[in-house]
Structure formats: structure tokens, C-alpha cells
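For reference, upload-v5.cif (mmCIF, C-alpha atoms):
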```
data_start
loop_
_atom_site.label_atom_id
_atom_site.label_comp_id
_atom_site.auth_asym_id
_atom_site.auth_seq_id
_atom_site.Cartn_x
_atom_site.Cartn_y
_atom_site.Cartn_z
CA MET A 30 -304.32 138.64 66.40
CA THR A 31 -302.43 135.45 65.90
CA ALA A 32 -302.83 132.65 63.66
CA CYS A 33 -301.24 130.01 61.82
CA ALA A 34 -301.10 127.68 58.48
CA ILE A 35 -298.44 125.52 56.77
CA GLU A 36 -299.04 121.88 56.05
CA GLY A 37 -298.43 119.89 59.19
CA VAL A 38 -299.00 122.80 61.58
CA GLY A 39 -302.40 123.26 63.18
CA THR A 40 -304.07 126.64 63.50
CA ASP A 41 -304.35 126.36 67.25
CA GLY A 42 -300.58 126.58 67.50
CA ASN A 43 -300.48 123.29 69.42
CA THR A 44 -299.68 120.72 66.75
CA GLU A 45 -296.28 120.44 65.11
CA ASP A 46 -295.06 117.49 63.06
CA VAL A 47 -298.48 115.84 63.07
CA THR A 48 -298.75 112.12 62.49
CA GLU A 49 -301.30 110.30 60.34
CA THR A 50 -303.59 110.11 63.36
CA GLY A 51 -303.54 113.90 63.73
CA LEU A 52 -301.50 113.88 66.97
CA PRO A 53 -298.17 115.72 67.20
CA HIS A 54 -294.75 114.23 67.81
CA ARG A 55 -293.76 117.23 69.93
CA PRO A 56 -295.57 120.19 71.50
CA ALA A 57 -295.79 123.62 69.92
CA ALA A 58 -293.08 126.18 70.54
CA LEU A 59 -295.37 128.68 72.29
CA THR A 60 -299.03 129.73 72.37
CA LEU A 61 -300.01 133.36 72.99
CA ALA A 62 -303.10 134.72 74.72
CA ALA A 63 -305.57 136.77 72.67
CA ASP A 64 -303.98 140.10 73.68
CA GLY A 65 -300.39 138.90 73.91
CA SER A 66 -300.25 139.43 77.69
CA TYR A 67 -299.44 135.79 78.49
CA ALA A 68 -298.02 132.77 76.72
CA ALA A 69 -297.61 129.10 77.53
CA ARG A 70 -295.62 126.13 76.32
CA LEU A 71 -294.62 122.60 77.31
CA ILE A 72 -290.97 122.12 78.18
CA GLN A 73 -288.96 119.10 79.24
CA GLY A 74 -287.78 118.77 82.80
CA PRO A 75 -284.48 117.31 84.01
CA GLY A 76 -286.01 113.83 84.09
CA GLY A 77 -287.27 114.02 80.52
CA GLY A 78 -290.96 114.54 81.34
CA TRP A 79 -293.02 117.45 80.01
CA TYR A 80 -294.60 120.18 82.13
CA PRO A 81 -296.34 123.51 81.33
CA GLU A 82 -294.60 126.86 81.63
CA ARG A 83 -296.41 130.20 81.64
CA TRP A 84 -294.83 133.41 80.36
CA THR A 85 -295.90 136.85 81.58
CA LEU A 86 -295.34 139.37 78.79
CA ASP A 87 -297.30 142.50 79.78
CA GLY A 88 -295.04 143.70 82.59
CA CYS A 89 -291.80 145.66 82.64
CA GLU A 90 -289.77 142.51 82.03
CA PRO A 91 -290.98 139.13 80.72
CA TYR A 92 -290.61 136.19 83.07
CA ALA A 93 -291.62 132.52 83.15
CA VAL A 94 -293.32 130.50 85.88
CA PRO A 95 -293.27 126.66 85.81
CA LEU A 96 -296.61 124.90 86.31
CA PRO A 97 -295.66 121.27 87.06
CA GLY A 98 -298.36 118.85 88.11
CA ARG A 99 -298.20 115.65 90.12
CA LEU A 100 -297.43 113.67 86.98
CA PRO A 101 -295.58 114.63 83.78
CA GLU A 102 -297.74 115.74 80.86
CA GLN A 103 -297.95 113.97 77.52
CA PRO A 104 -296.30 115.82 74.61
CA ASP A 105 -299.62 115.94 72.75
CA SER A 106 -301.31 117.96 75.50
CA ALA A 107 -302.48 121.37 74.21
CA LEU A 108 -302.18 124.67 76.08
CA LEU A 109 -304.03 127.97 75.71
CA PRO A 110 -303.33 130.89 78.08
CA LEU A 111 -306.18 133.19 79.16
CA THR A 112 -305.89 136.93 79.68
CA ASP A 113 -306.45 136.48 83.45
CA GLY A 114 -303.21 134.52 83.80
CA ARG A 115 -304.60 131.01 83.98
CA VAL A 116 -303.65 128.36 81.42
CA LEU A 117 -306.13 125.90 79.97
CA ILE A 118 -304.70 122.44 79.36
CA LEU A 119 -306.30 119.83 77.12
CA ARG A 120 -305.18 116.28 77.89
CA ARG A 121 -305.90 113.47 75.44
CA THR A 122 -306.55 109.99 76.76
CA GLU A 123 -308.08 106.90 75.20
CA GLY A 124 -311.74 107.55 74.42
CA HIS A 125 -312.01 111.06 75.84
CA CYS A 126 -310.28 114.40 76.42
CA THR A 127 -310.12 116.22 79.76
CA VAL A 128 -309.90 119.97 80.29
CA ALA A 129 -308.53 121.88 83.28
CA LEU A 130 -307.23 125.32 84.28
CA LEU A 131 -303.72 125.66 85.71
CA TYR A 132 -302.40 128.58 87.76
CA PRO A 133 -299.46 129.19 90.10
CA THR A 134 -300.27 128.98 93.81
CA GLY A 135 -297.43 129.48 96.24
CA PRO A 136 -294.70 126.96 95.54
CA GLY A 137 -296.99 124.60 93.62
CA THR A 138 -299.55 124.51 90.83
CA GLY A 139 -303.27 124.90 91.31
CA GLU A 140 -305.59 122.93 89.02
CA LEU A 141 -309.31 123.45 88.43
CA PRO A 142 -310.91 120.57 86.47
CA LEU A 143 -313.50 121.73 83.93
CA GLY A 144 -314.78 118.38 82.68
CA ALA A 145 -314.30 115.91 79.86
CA VAL A 146 -315.48 115.38 76.28
CA GLU A 147 -316.05 111.85 75.00
CA THR A 148 -314.14 112.00 71.74
CA GLU A 149 -310.90 110.65 70.37
CA GLU A 150 -310.01 113.98 68.77
CA LEU A 151 -310.48 117.48 70.17
CA THR A 152 -308.64 120.44 68.61
CA LEU A 153 -308.34 123.83 70.30
CA LEU A 154 -309.36 126.84 68.21
CA PRO A 155 -307.29 130.06 68.23
CA PRO A 156 -307.85 132.31 71.26
CA ALA A 157 -311.25 133.98 71.09
CA PRO A 158 -311.51 137.80 71.25
CA GLY A 159 -311.57 138.93 74.86
CA GLY A 160 -309.34 136.05 75.90
CA THR A 161 -311.65 134.54 78.52
CA THR A 162 -313.41 131.81 76.49
CA VAL A 163 -311.95 128.71 74.86
CA HIS A 164 -313.45 126.78 71.94
CA ALA A 165 -312.57 123.51 70.25
CA LEU A 166 -313.59 121.27 67.33
CA SER A 167 -314.31 117.54 67.34
CA PRO A 168 -315.46 115.21 64.52
CA VAL A 169 -318.89 113.61 64.76
CA GLY A 170 -320.30 110.67 62.78
CA GLY A 171 -318.67 108.76 59.95
CA ASP A 172 -317.71 109.63 56.39
CA GLY A 173 -319.54 111.35 53.56
CA ALA A 174 -323.01 112.68 54.30
CA ARG A 175 -322.83 111.48 57.91
CA ARG A 176 -319.73 113.48 58.65
CA ALA A 177 -320.15 116.53 60.91
CA THR A 178 -318.06 118.70 63.20
CA ALA A 179 -319.04 119.82 66.68
CA VAL A 180 -318.02 123.21 68.07
CA TRP A 181 -317.39 123.04 71.83
CA LEU A 182 -317.25 125.82 74.40
CA LEU A 183 -314.71 124.41 76.85
CA HIS A 184 -314.47 127.42 79.17
CA GLY A 185 -316.51 130.59 79.62
CA GLY A 186 -320.00 129.11 79.59
CA GLY A 187 -321.89 127.20 82.26
CA ASP A 188 -320.76 124.09 84.11
CA GLY A 189 -318.38 122.00 82.09
CA PRO A 190 -317.78 121.83 78.34
CA GLN A 191 -320.84 122.52 76.17
CA ARG A 192 -321.50 121.64 72.54
CA ILE A 193 -322.78 124.90 71.06
CA ALA A 194 -322.95 124.10 67.32
CA LEU A 195 -322.97 121.15 64.90
CA VAL A 196 -321.70 121.90 61.39
CA PRO A 197 -322.29 119.38 58.57
CA GLY A 198 -319.04 118.24 56.96
CA ARG A 199 -315.42 117.96 58.05
CA CYS A 200 -314.17 121.28 59.46
CA THR A 201 -310.63 122.42 60.16
CA GLY A 202 -308.81 125.71 60.65
CA GLY A 203 -310.55 128.46 62.55
CA ALA A 204 -310.48 132.28 62.59
CA TRP A 205 -312.57 134.88 64.41
CA LEU A 206 -314.23 137.53 62.24
CA ASP A 207 -315.50 139.90 64.95
CA ARG A 208 -314.46 141.26 68.33
CA GLU A 209 -317.43 139.71 70.13
CA GLY A 210 -316.39 136.09 69.50
CA ARG A 211 -319.61 135.31 67.65
CA LEU A 212 -318.61 134.80 63.98
CA LEU A 213 -316.27 131.84 63.51
CA ALA A 214 -314.79 130.99 60.10
CA LEU A 215 -314.05 127.30 59.42
CA ASP A 216 -312.69 125.45 56.39
CA ARG A 217 -315.29 122.83 55.50
CA GLU A 218 -315.22 119.79 53.22
CA LEU A 219 -318.73 118.66 52.31
CA ASP A 220 -319.23 116.51 49.19
CA GLY A 221 -316.69 118.52 47.24
CA PRO A 222 -313.71 120.84 47.55
CA ALA A 223 -312.89 122.71 50.75
CA LYS A 224 -314.65 126.04 51.22
CA THR A 225 -314.55 128.50 54.11
CA VAL A 226 -317.88 129.06 55.85
CA VAL A 227 -319.03 131.33 58.67
CA VAL A 228 -320.61 129.77 61.75
CA ASP A 229 -322.75 132.24 63.70
CA LEU A 230 -322.49 131.05 67.30
CA GLY A 231 -325.06 133.65 68.35
CA ARG A 232 -327.70 131.92 66.21
CA GLY A 233 -327.12 128.34 67.26
CA GLY A 234 -324.44 127.60 64.67
CA GLU A 235 -326.11 129.01 61.54
CA VAL A 236 -323.79 128.40 58.57
CA SER A 237 -323.26 130.74 55.60
CA PRO A 238 -320.60 130.77 52.81
CA LEU A 239 -317.55 133.04 52.96
CA LEU A 240 -315.02 131.96 50.30
CA GLN A 241 -315.87 130.63 46.85
CA ILE A 242 -313.40 131.66 44.16
CA THR A 243 -314.51 128.95 41.72
CA GLU A 244 -316.85 126.03 42.16
CA ARG A 245 -314.06 123.45 41.88
CA SER A 246 -311.28 125.22 43.81
CA ASN A 247 -310.18 124.50 47.37
CA ASP A 248 -310.42 127.85 49.17
CA ARG A 249 -309.17 128.02 52.77
CA LEU A 250 -308.90 130.97 55.14
CA LEU A 251 -305.49 131.41 56.81
CA LEU A 252 -305.88 134.59 58.84
CA ALA A 253 -308.45 137.33 59.47
CA ASP A 254 -308.33 140.73 61.15
CA PRO A 255 -311.68 142.00 62.51
CA ASP A 256 -310.56 145.66 62.66
CA SER A 257 -309.55 146.26 59.04
CA GLY A 258 -311.33 143.29 57.47
CA LEU A 259 -308.10 142.01 55.92
CA ILE A 260 -308.05 138.27 55.27
CA LEU A 261 -305.35 135.97 53.89
CA LEU A 262 -306.37 132.78 52.13
CA ARG A 263 -304.98 129.88 50.14
CA SER A 264 -306.57 128.61 46.93
CA ASP A 265 -305.73 126.30 44.03
CA ALA A 266 -308.03 128.17 41.65
CA PRO A 267 -305.07 129.39 39.51
CA GLY A 268 -304.14 125.76 38.76
CA TYR A 269 -301.79 125.38 41.73
CA ASP A 270 -301.78 126.48 45.35
CA ARG A 271 -301.53 130.29 45.79
CA MET A 272 -301.83 132.66 48.73
CA GLY A 273 -304.06 135.69 48.28
CA TRP A 274 -305.75 138.46 50.22
CA GLY A 275 -309.15 140.11 50.30
CA VAL A 276 -311.41 142.26 52.48
CA LEU A 277 -314.43 141.17 54.50
CA GLY A 278 -317.62 142.89 53.44
CA SER A 279 -316.08 144.13 50.17
CA THR A 280 -317.32 143.38 46.66
CA LEU A 281 -313.77 143.62 45.28
CA PRO A 282 -312.20 140.32 44.21
CA VAL A 283 -309.42 138.40 45.92
CA ARG A 284 -305.86 139.27 44.83
CA PHE A 285 -302.90 136.89 44.47
CA PRO A 286 -299.74 139.04 44.70
CA GLU A 287 -296.41 137.79 43.38
CA ALA A 288 -294.80 138.61 46.73
CA LEU A 289 -296.68 135.71 48.34
CA ARG A 290 -295.86 133.23 45.60
CA ALA A 291 -293.09 130.65 46.15
CA ALA A 292 -292.37 127.10 45.08
CA ASP A 293 -289.56 125.97 47.40
CA ALA A 294 -290.64 127.74 50.58
CA ALA A 295 -293.74 127.59 52.77
CA LEU A 296 -295.15 130.92 53.99
CA THR A 297 -297.21 130.81 57.17
CA PRO A 298 -298.96 134.00 58.34
CA PHE A 299 -299.01 133.99 62.13
CA ALA A 300 -299.88 137.56 63.19
CA VAL A 301 -301.57 140.66 61.78
CA GLN A 302 -301.46 144.26 63.01
CA PRO A 303 -304.70 145.26 64.81
CA GLY A 304 -306.35 148.64 65.08
CA GLN A 305 -306.24 149.55 61.37
CA ALA A 306 -309.95 150.29 60.97
CA LEU A 307 -311.02 150.45 57.31
CA ALA A 308 -307.37 150.40 56.17
CA PRO A 309 -306.59 146.82 55.09
CA GLU A 310 -303.79 147.87 52.74
CA SER A 311 -301.81 149.32 55.66
CA CYS A 312 -302.05 146.25 57.89
CA ALA A 313 -298.70 144.58 58.51
CA VAL A 314 -298.59 140.77 58.44
CA ALA A 315 -295.84 138.55 59.88
CA PHE A 316 -294.87 135.28 58.22
CA ARG A 317 -292.81 132.28 59.16
CA VAL A 318 -290.86 131.16 56.08
CA ASP A 319 -289.71 127.52 55.95
CA ALA A 320 -287.29 126.51 53.22
CA ALA A 321 -284.47 124.05 52.67
CA ALA A 322 -282.00 126.70 53.86
CA GLY A 323 -283.81 127.11 57.18
CA THR A 324 -286.57 129.12 58.84
CA TRP A 325 -286.75 132.91 58.98
CA LEU A 326 -289.08 135.84 59.59
CA ALA A 327 -290.77 137.91 56.89
CA THR A 328 -293.15 140.88 57.00
CA TRP A 329 -295.47 142.36 54.38
CA ARG A 330 -298.28 144.85 53.83
CA PRO A 331 -300.81 144.64 50.97
CA SER A 332 -299.58 148.08 49.84
CA MET A 333 -296.05 146.68 49.37
CA LYS A 334 -294.91 144.70 46.35
CA GLN A 335 -292.39 142.48 48.11
CA LEU A 336 -291.70 140.67 51.35
CA HIS A 337 -289.14 142.08 53.72
CA ARG A 338 -286.87 140.08 55.97
CA PRO A 339 -286.17 141.73 59.34
CA ALA A 340 -283.67 140.18 61.70
CA ALA A 341 -285.28 137.70 64.07
CA PRO A 342 -283.70 137.30 67.51
CA GLY A 343 -281.54 134.29 68.29
CA GLY A 344 -283.68 131.58 69.86
CA TRP A 345 -286.89 132.93 68.30
CA LEU A 346 -289.76 130.54 68.93
CA ALA A 347 -290.54 130.39 65.23
CA GLY A 348 -294.09 131.10 64.15
CA THR A 349 -295.07 133.06 67.27
CA GLY A 350 -295.41 136.80 67.76
CA HIS A 351 -297.82 139.61 68.53
CA TRP A 352 -298.43 142.95 66.79
CA THR A 353 -299.18 146.19 68.59
CA PRO A 354 -301.55 148.69 66.91
CA ASP A 355 -298.66 151.10 66.20
CA GLY A 356 -296.82 148.49 64.14
CA GLU A 357 -294.34 146.96 66.58
CA LEU A 358 -293.88 143.20 66.24
CA ARG A 359 -292.99 141.47 69.51
CA LEU A 360 -291.22 138.15 69.09
CA PRO A 361 -290.73 135.75 72.03
CA TYR A 362 -287.42 133.93 72.21
CA ALA A 363 -285.54 131.62 74.56
CA THR A 364 -281.78 131.07 74.82
CA PRO A 365 -279.58 129.55 77.55
CA ALA A 366 -278.66 133.08 78.65
CA THR A 367 -282.24 134.43 78.38
CA PRO A 368 -284.78 131.66 78.97
CA CYS A 369 -287.71 134.10 78.61
CA GLY A 370 -287.27 137.12 76.35
CA VAL A 371 -289.15 139.36 73.92
CA ALA A 372 -287.52 141.17 70.98
CA ARG A 373 -289.18 144.10 69.22
CA VAL A 374 -289.19 144.68 65.48
CA THR A 375 -290.43 147.83 63.73
CA VAL A 376 -291.81 147.35 60.22
CA PRO A 377 -291.26 150.12 57.64
CA TRP A 378 -294.31 151.97 56.40
CA ASP A 379 -292.75 152.69 53.02
CA ALA A 380 -290.99 149.88 51.16
CA THR A 381 -288.68 152.47 49.53
CA ALA A 382 -287.47 153.92 52.83
CA PRO A 383 -283.66 154.21 52.80
CA ASP A 384 -283.27 152.41 56.13
CA ALA A 385 -285.67 149.61 55.23
CA ALA A 386 -284.38 146.06 55.52
CA SER A 387 -283.34 144.26 52.38
CA PRO A 388 -286.08 142.34 50.64
CA LEU A 389 -286.09 138.57 50.68
CA PRO A 390 -284.02 136.89 47.99
CA ALA A 391 -286.03 135.79 45.01
CA LEU A 392 -287.78 132.50 45.61
CA PRO A 393 -288.25 130.06 42.72
CA ALA A 394 -291.75 130.29 41.30
CA PRO A 395 -293.65 127.50 39.54
CA ALA A 396 -294.39 127.74 35.87
CA PRO A 397 -297.56 129.78 35.40
CA ALA A 398 -300.66 127.79 34.61
CA ALA A 399 -303.12 128.89 31.95
CA ALA A 400 -305.80 130.92 33.66
CA PRO A 401 -309.46 130.68 32.60
CA ALA A 402 -310.61 133.48 30.34
CA SER A 403 -313.05 134.70 32.97
CA HIS A 404 -310.13 135.39 35.31
CA LEU A 405 -308.20 137.69 32.96
CA GLN A 406 -309.86 140.90 34.06
CA ARG A 407 -307.69 143.73 35.36
CA LEU A 408 -307.27 144.36 39.07
CA THR A 409 -308.96 147.34 40.64
CA ARG A 410 -307.15 149.20 43.41
CA LEU A 411 -308.88 149.36 46.77
CA PRO A 412 -310.58 152.75 47.19
CA TRP A 413 -309.58 153.47 50.79
CA ASP A 414 -307.43 156.55 51.36
CA THR A 415 -304.67 155.69 53.83
CA SER A 416 -302.74 158.95 53.42
CA SER A 417 -304.04 160.28 56.72
CA ALA A 418 -302.87 157.26 58.71
CA LEU A 419 -299.91 157.90 60.99
CA PRO A 420 -297.04 155.60 60.01
CA PRO A 421 -294.83 153.97 62.64
CA ALA A 422 -291.12 154.67 62.75
CA SER A 423 -289.54 153.70 59.45
CA GLY A 424 -287.05 150.88 59.07
CA ILE A 425 -287.01 147.28 60.20
CA ARG A 426 -284.77 146.66 63.14
CA THR A 427 -284.56 144.38 66.11
CA THR A 428 -284.26 146.37 69.30
CA PRO A 429 -283.53 145.19 72.83
CA THR A 430 -286.41 145.27 75.23
CA GLY A 431 -286.52 148.65 76.92
CA TYR A 432 -287.85 149.23 80.41
CA PRO A 433 -289.00 152.45 82.02
CA ASN A 434 -286.62 154.08 84.51
CA GLY A 435 -286.95 152.57 87.93
CA CYS A 436 -288.98 149.63 86.67
CA THR A 437 -288.07 146.25 88.13
CA THR A 438 -289.28 142.71 87.66
CA SER A 439 -292.82 142.39 88.95
CA ALA A 440 -293.70 140.05 91.77
CA GLN A 441 -295.83 137.07 90.83
CA PRO A 442 -299.45 138.30 90.56
CA ASP A 443 -302.38 136.33 91.85
CA PRO A 444 -303.89 135.02 88.58
CA VAL A 445 -307.23 134.09 90.11
CA ALA A 446 -307.96 137.50 91.61
CA ARG A 447 -306.57 139.46 88.69
CA GLU A 448 -309.11 141.23 86.49
CA PRO A 449 -309.07 140.24 82.82
CA HIS A 450 -307.87 142.81 80.31
CA VAL A 451 -310.70 144.83 78.75
CA ASP A 452 -310.57 145.34 75.00
CA ARG A 453 -311.08 148.81 73.61
CA THR A 454 -314.34 149.53 71.89
CA HIS A 455 -314.28 148.61 68.21
CA PRO A 456 -316.70 149.51 65.44
CA GLN A 457 -319.26 146.87 64.61
CA PRO A 458 -317.98 144.74 61.71
CA CYS A 459 -319.86 144.31 58.48
CA ARG A 460 -321.52 140.98 57.91
CA PRO A 461 -319.08 138.88 55.81
CA VAL A 462 -320.12 138.31 52.23
CA PRO A 463 -318.81 135.55 49.92
CA LEU A 464 -315.69 136.45 47.95
CA GLN A 465 -315.94 135.15 44.40
CA GLN A 466 -314.46 135.33 40.88
CA ALA A 467 -310.94 136.49 41.68
CA PRO A 468 -308.74 137.65 38.79
CA LEU A 469 -305.89 135.14 38.76
CA ALA A 470 -303.58 136.33 35.96
CA ALA A 471 -300.11 136.36 37.47
CA ARG A 472 -298.83 139.37 35.56
CA GLU A 473 -301.87 141.39 36.58
CA ALA A 474 -301.46 140.70 40.29
CA ARG A 475 -299.29 142.95 42.37
#
```

Translate this file's structure into C-alpha cells.
Amino acid sequence: MTACAIEGVGTDGNTEDVTETGLPHRPAALTLAADGSYAARLIQGPGGGWYPERWTLDGCEPYAVPLPGRLPEQPDSALLPLTDGRVLILRRTEGHCTVALLYPTGPGTGELPLGAVETEELTLLPPAPGGTTVHALSPVGGDGARRATAVWLLHGGGDGPQRIALVPGRCTGGAWLDREGRLLALDRELDGPAKTVVVDLGRGGEVSPLLQITERSNDRLLLADPDSGLILLRSDAPGYDRMGWGVLGSTLPVRFPEALRAADAALTPFAVQPGQALAPESCAVAFRVDAAAGTWLATWRPSMKQLHRPAAPGGWLAGTGHWTPDGELRLPYATPATPCGVARVTVPWDATAPDAASPLPALPAPAPAAAPASHLQRLTRLPWDTSSALPPASGIRTTPTGYPNGCTTSAQPDPVAREPHVDRTHPQPCRPVPLQQAPLAAREAR
């Protein structure tokens, strides 16, 4: 699963350097499909105009296919690749937004219009599980009590875009909490601080609370993994903004580890390892770290006490990547010599392994704020036994992409006739319950 979350970067992966109007100055580096099989981005042509480019990542060798249209695209157009090879494009024009599907057809680009939504602002949500449906958010009404947010099904329903839910308040973010694409978590502001709520799309948009650490704190969800239940969140309950983690369906409180605490760097979780059923402490998480010295890659597991800094490939499209269930992180990159490439990074299972990468240098931390007395309880370790889990190969390293013997670059598949990828069967997730009253004492957190 992929996701995303520093200030100025939207969770749909399609908004970088946003302006005051919410529109980006430039397109996102790359957007991955739900299963990592395809990716898409906007690139500039020789004449300076923008056009979409689709990456195929599930074959023997990654390759890119240009998808130019009759006219250049605007840099604020948003792309989302589907698992059948087509790419949804969202074009913003004055007063409405149009949606279409793009796919390669012979020497040109095929385009299937899906319809339009009459709104000035329409934001794509992260790829839904299954990779064949696309959702978006749009504001409705005015300010205060009249403010609401509509959830749109842009593709995968009937004819044209459909409004499938209306949530009171201003909603942002977006994360899927199950493998069926039914439970959608949104960060909502409604007459008070921001809180994450769950929107049940199978019940007409029924809303229930998910995060509430304190009544006055802003609690936002950054990333969620349906398999293990691991979630990462950001809250100002300790007196300043902190990143923490918890478990869906658990009665244990949220934890705020020192490893995720920094003053002069922004940590953005963008991918989490799938397939770790009932083992949230063993899930690996990838972060984009932005600091004055530059941008780099970091990895972490809740069972570790520090971030690790593996080597990212040259030309890494920062903030993008996809985990495999066995713990391999695949990072897309583009250089003049390799315009479409994927590097592979293996994350150590044990932080004390002798061949593990060096930890990140210490990042300056803000002065600790006085925590409320009710938050000074000791942390309780999670009860799951992960000793039987099979660890991946130890050590963090960047390895060149390997191909099976005799494997050559695949011919361009027909994206329309191709069958979508089928997800493996997953256990039914527990119904999320609100996470409350987290112990926030810094010296108690690990």
C-alpha cells in the first residue's frame, strides 16, 4: 500500500508545491497503481508541454509508454493508473473537472471520456484496493455548519461519475482500512479540531469516529495497512506535532516513538509492507525525509528503536515506492541513462544485524512539553508473538534489478483486453474502534 503526508503534499500523490488555491505548481513525481504493477506521471515534451507517461513495472524489465493527446496537458492534471493498464486522468477547468481513461493504441493514445463533475476542486483519493475503482473528494456548501465533503466514485460504478456519500465538515487525506474498498478513513474538521473518521461506503456513507487522542488535539491519519492493522498518525496532543502508531481494532493506546520525532526534518510515510496479518510490529514502513541538507530514504519497523537509512538509487522519484510481502522495497527512478528503472532495497529484520545499514544521524528534537498527568502511564508492549514469522534477508542494500534467464523486454500488451490482477484472499478485518488516551511521555515512548 502506498500513501503519503508532509505539509504541501497531497495524499493522492498528485499535488506538490500546492498554492493557496490548493492547485500544484508542478505535477507529482509518479503515482503507483494499487498493486504496484503500473505507474504514471506527467513529463514535459520537447516543446515544453506536459503529457502523460505510463510505466509498466510487473514484467521482466520496466518500460515506459508515452500517452500524448491532441493537446498538451495542464501541469495540475492528476493521474491514477489502474491495474488493467489504463490511466485515469483528471483535468481541471473553470467551473468543472473532467475525467477520462487513457491507454496506448497502436502509435497513438486512446481516450475514453467518463464524464464531468461540476466543482472547482476535485481531489483524487489513493488507489482503492483491487485497483479498478477510482474515488475523489470535493467540497460542498460554504463555511461552518454548511460545510460538507462529497465522496465521488469516478470509475468502477455505473455510467459516469457518481456521488456516493456526503460527509458533514471539511475532509482531507484518505486511507483505505479494508481490502474490499468499503471503509474509507478521512481527516475531518467539523466545529473543532481535526479528527479522523471512518466513512462506510457500503452503508451510504455512514460516519463513525476513528481517532480521538484528546478532545482538543488535532489527530490525522497518515497511513493504514489493512492486513496487519498498523496505522501511522500525526497529533499535537503532546503539545506539539508528533508522529505515532497504533493498531486498528486494538484497545491498546497510540505510541509516539522517539525514532519518529524530529524538529528540522519532515518525515512522510509513503509505503507499508503488506501481508503481515496480525503482526503490526513486524511491518516495515518507508519514509521520505525532507531536511535542509536534502531529501533521502528511511525505513522503520515498530519493533525497531531507530530509523535506518538505506541507499536510494540515483534519480529516485522521491516519495514513491512499493513493498512486496517478503519485505523488498521497490523504488522507481529515472536518469538520462535509464529513463525508466526500478531499484530493490531489502530491509533488515533485526536492527542489530551486523550488515544492517547505519542508522540516520540524530535529528534535533524540540524541547519536551509538559504532558498532562493522565498521559503519564507506562506503555504496554503489544501481545502478538512474531517469533514464528519468517524474516527476509538481513541487511539493507540496493541491488540492481535482476531478470530471469532468457527473459527479454515484453511487447506492449493490450491494456483494454488484459485481465485485472486478482488480489489474494485476506482475512476479514476487524471493525475499527476509536483510539483514545495515548500515553505521551517522551521518555516512556520507544

> What lies within 7 Å of Glu82 of chain A using all atoms listed in the file, ignoring chain neighbours under 2 positions off, as a PyMOL selection string?
Replying inline: chain A and resi 69-72+80+84+93-96

>> To one decimal place in Å, what is the distance between atom CA of Trp205 of chain A and atom CA of Val180 of chain A?
In response: 13.4 Å

>> At a cut-off of 9 Å, using only C-alpha atoms, what residues contact Gly221 of chain A? Leave out same-chain residues fewer than 2 positions from it and give the result as a list of chain:residue names.
In response: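 In the requested format, the answer is A:Glu218, A:Leu219, A:Ala223, A:Lys224, A:Arg245, A:Asn247.
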
>> Please compute the atom CA of Thr134 of chain A-atom CA of Arg99 of chain A distance, one decimal, in Å.
In response: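 Separation between atom CA of Thr134 of chain A and atom CA of Arg99 of chain A: 14.0 Å.
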
> Between atom CA of Ala253 of chain A and atom CA of Thr297 of chain A, what is the spacing in Å?
Replying inline: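 Atom CA of Ala253 of chain A lies 13.2 Å from atom CA of Thr297 of chain A.
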
> Which residue gives the smallest distance to Gly350 of chain A among A:Leu131, A:Ala315, A:Ser332, A:Thr324, with all atoms listed in the file counted?
Replying inline: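 Answer, going by the shortest atom-to-atom distance: A:Ala315.
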
> Which of these, A:Val374, A:Leu100, A:Leu141, A:Leu212, has the shortest distance to Ala313 of chain A once you count all atoms listed in the file?
Replying inline: A:Val374

> Care to translate the PyMOL selection byres ((chain A and resi 346) around 6) into actual residues of this file, as a VMD selection string?
Replying inline: chain A and resid 58 345 347 362

> For this file, the PyMOL selection byres ((chain A and resi 83) around 12) selects which residues, as JSON, numbers by chain?
Replying inline: {"A": [59, 60, 61, 62, 66, 67, 68, 69, 70, 71, 72, 80, 81, 82, 84, 85, 86, 91, 92, 93, 94, 95, 96, 97, 108, 109, 110, 111, 112, 113, 114, 115, 116, 117, 118, 131, 132, 133, 138, 369, 441, 444]}

> Pick from A:Arg176, A:Arg317, A:Arg232, A:Arg359: nearest to Pro298 of chain A, with all atoms listed in the file counted?
Replying inline: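 Nearest to Pro298 of chain A: A:Arg317.
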
> What does the PyMOL selection byres ((chain A and resi 170) around 12) select in this file, as a ChimeraX atom specification?
Replying inline: /A:148,167-169,171-179,195-199

> Using all atoms listed in the file, which of the listed residues (A:Asp254, A:Glu140, A:Asp265, A:Glu235) sits closest to Asp207 of chain A?
Replying inline: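 Answer, going by the shortest atom-to-atom distance: A:Asp254.
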
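Candidate residues A:Asp355, A:Glu209, A:Glu123, A:Asp188 were compared for distance to Thr161 of chain A, and the nearest is A:Glu209, using all atoms listed in the file.
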
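Nearest to Leu143 of chain A of all the residues A:Ala63, A:Cys200, A:Leu130, A:Val376 is A:Leu130, counting all atoms listed in the file.
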
>> Just want the 6 Å neighbourhood of Trp79 of chain A, counted on all atoms listed in the file, with same-chain residues fewer than 2 positions away dropped. Output as a ChimeraX atom specification.
In response: /A:72-73,101-102

>> Residues near Glu149 of chain A, anyone? I mean within 10 Å using all atoms listed in the file, not counting same-chain ones fewer than 2 positions away, as a PyMOL selection string.
In response: chain A and resi 121-126+146-147+151+167-168

Write the residues you've just listed into a file as a short mmCIF file (atom, residue, chain, number, x, y, z; two decimals), in the frame of the given file, and include C-alpha atoms for each of them.
```cif
data_model
loop_
_atom_site.label_atom_id
_atom_site.label_comp_id
_atom_site.auth_asym_id
_atom_site.auth_seq_id
_atom_site.Cartn_x
_atom_site.Cartn_y
_atom_site.Cartn_z
CA ARG A 121 -305.90 113.47 75.44
CA THR A 122 -306.55 109.99 76.76
CA GLU A 123 -308.08 106.90 75.20
CA GLY A 124 -311.74 107.55 74.42
CA HIS A 125 -312.01 111.06 75.84
CA CYS A 126 -310.28 114.40 76.42
CA VAL A 146 -315.48 115.38 76.28
CA GLU A 147 -316.05 111.85 75.00
CA LEU A 151 -310.48 117.48 70.17
CA SER A 167 -314.31 117.54 67.34
CA PRO A 168 -315.46 115.21 64.52
#
```
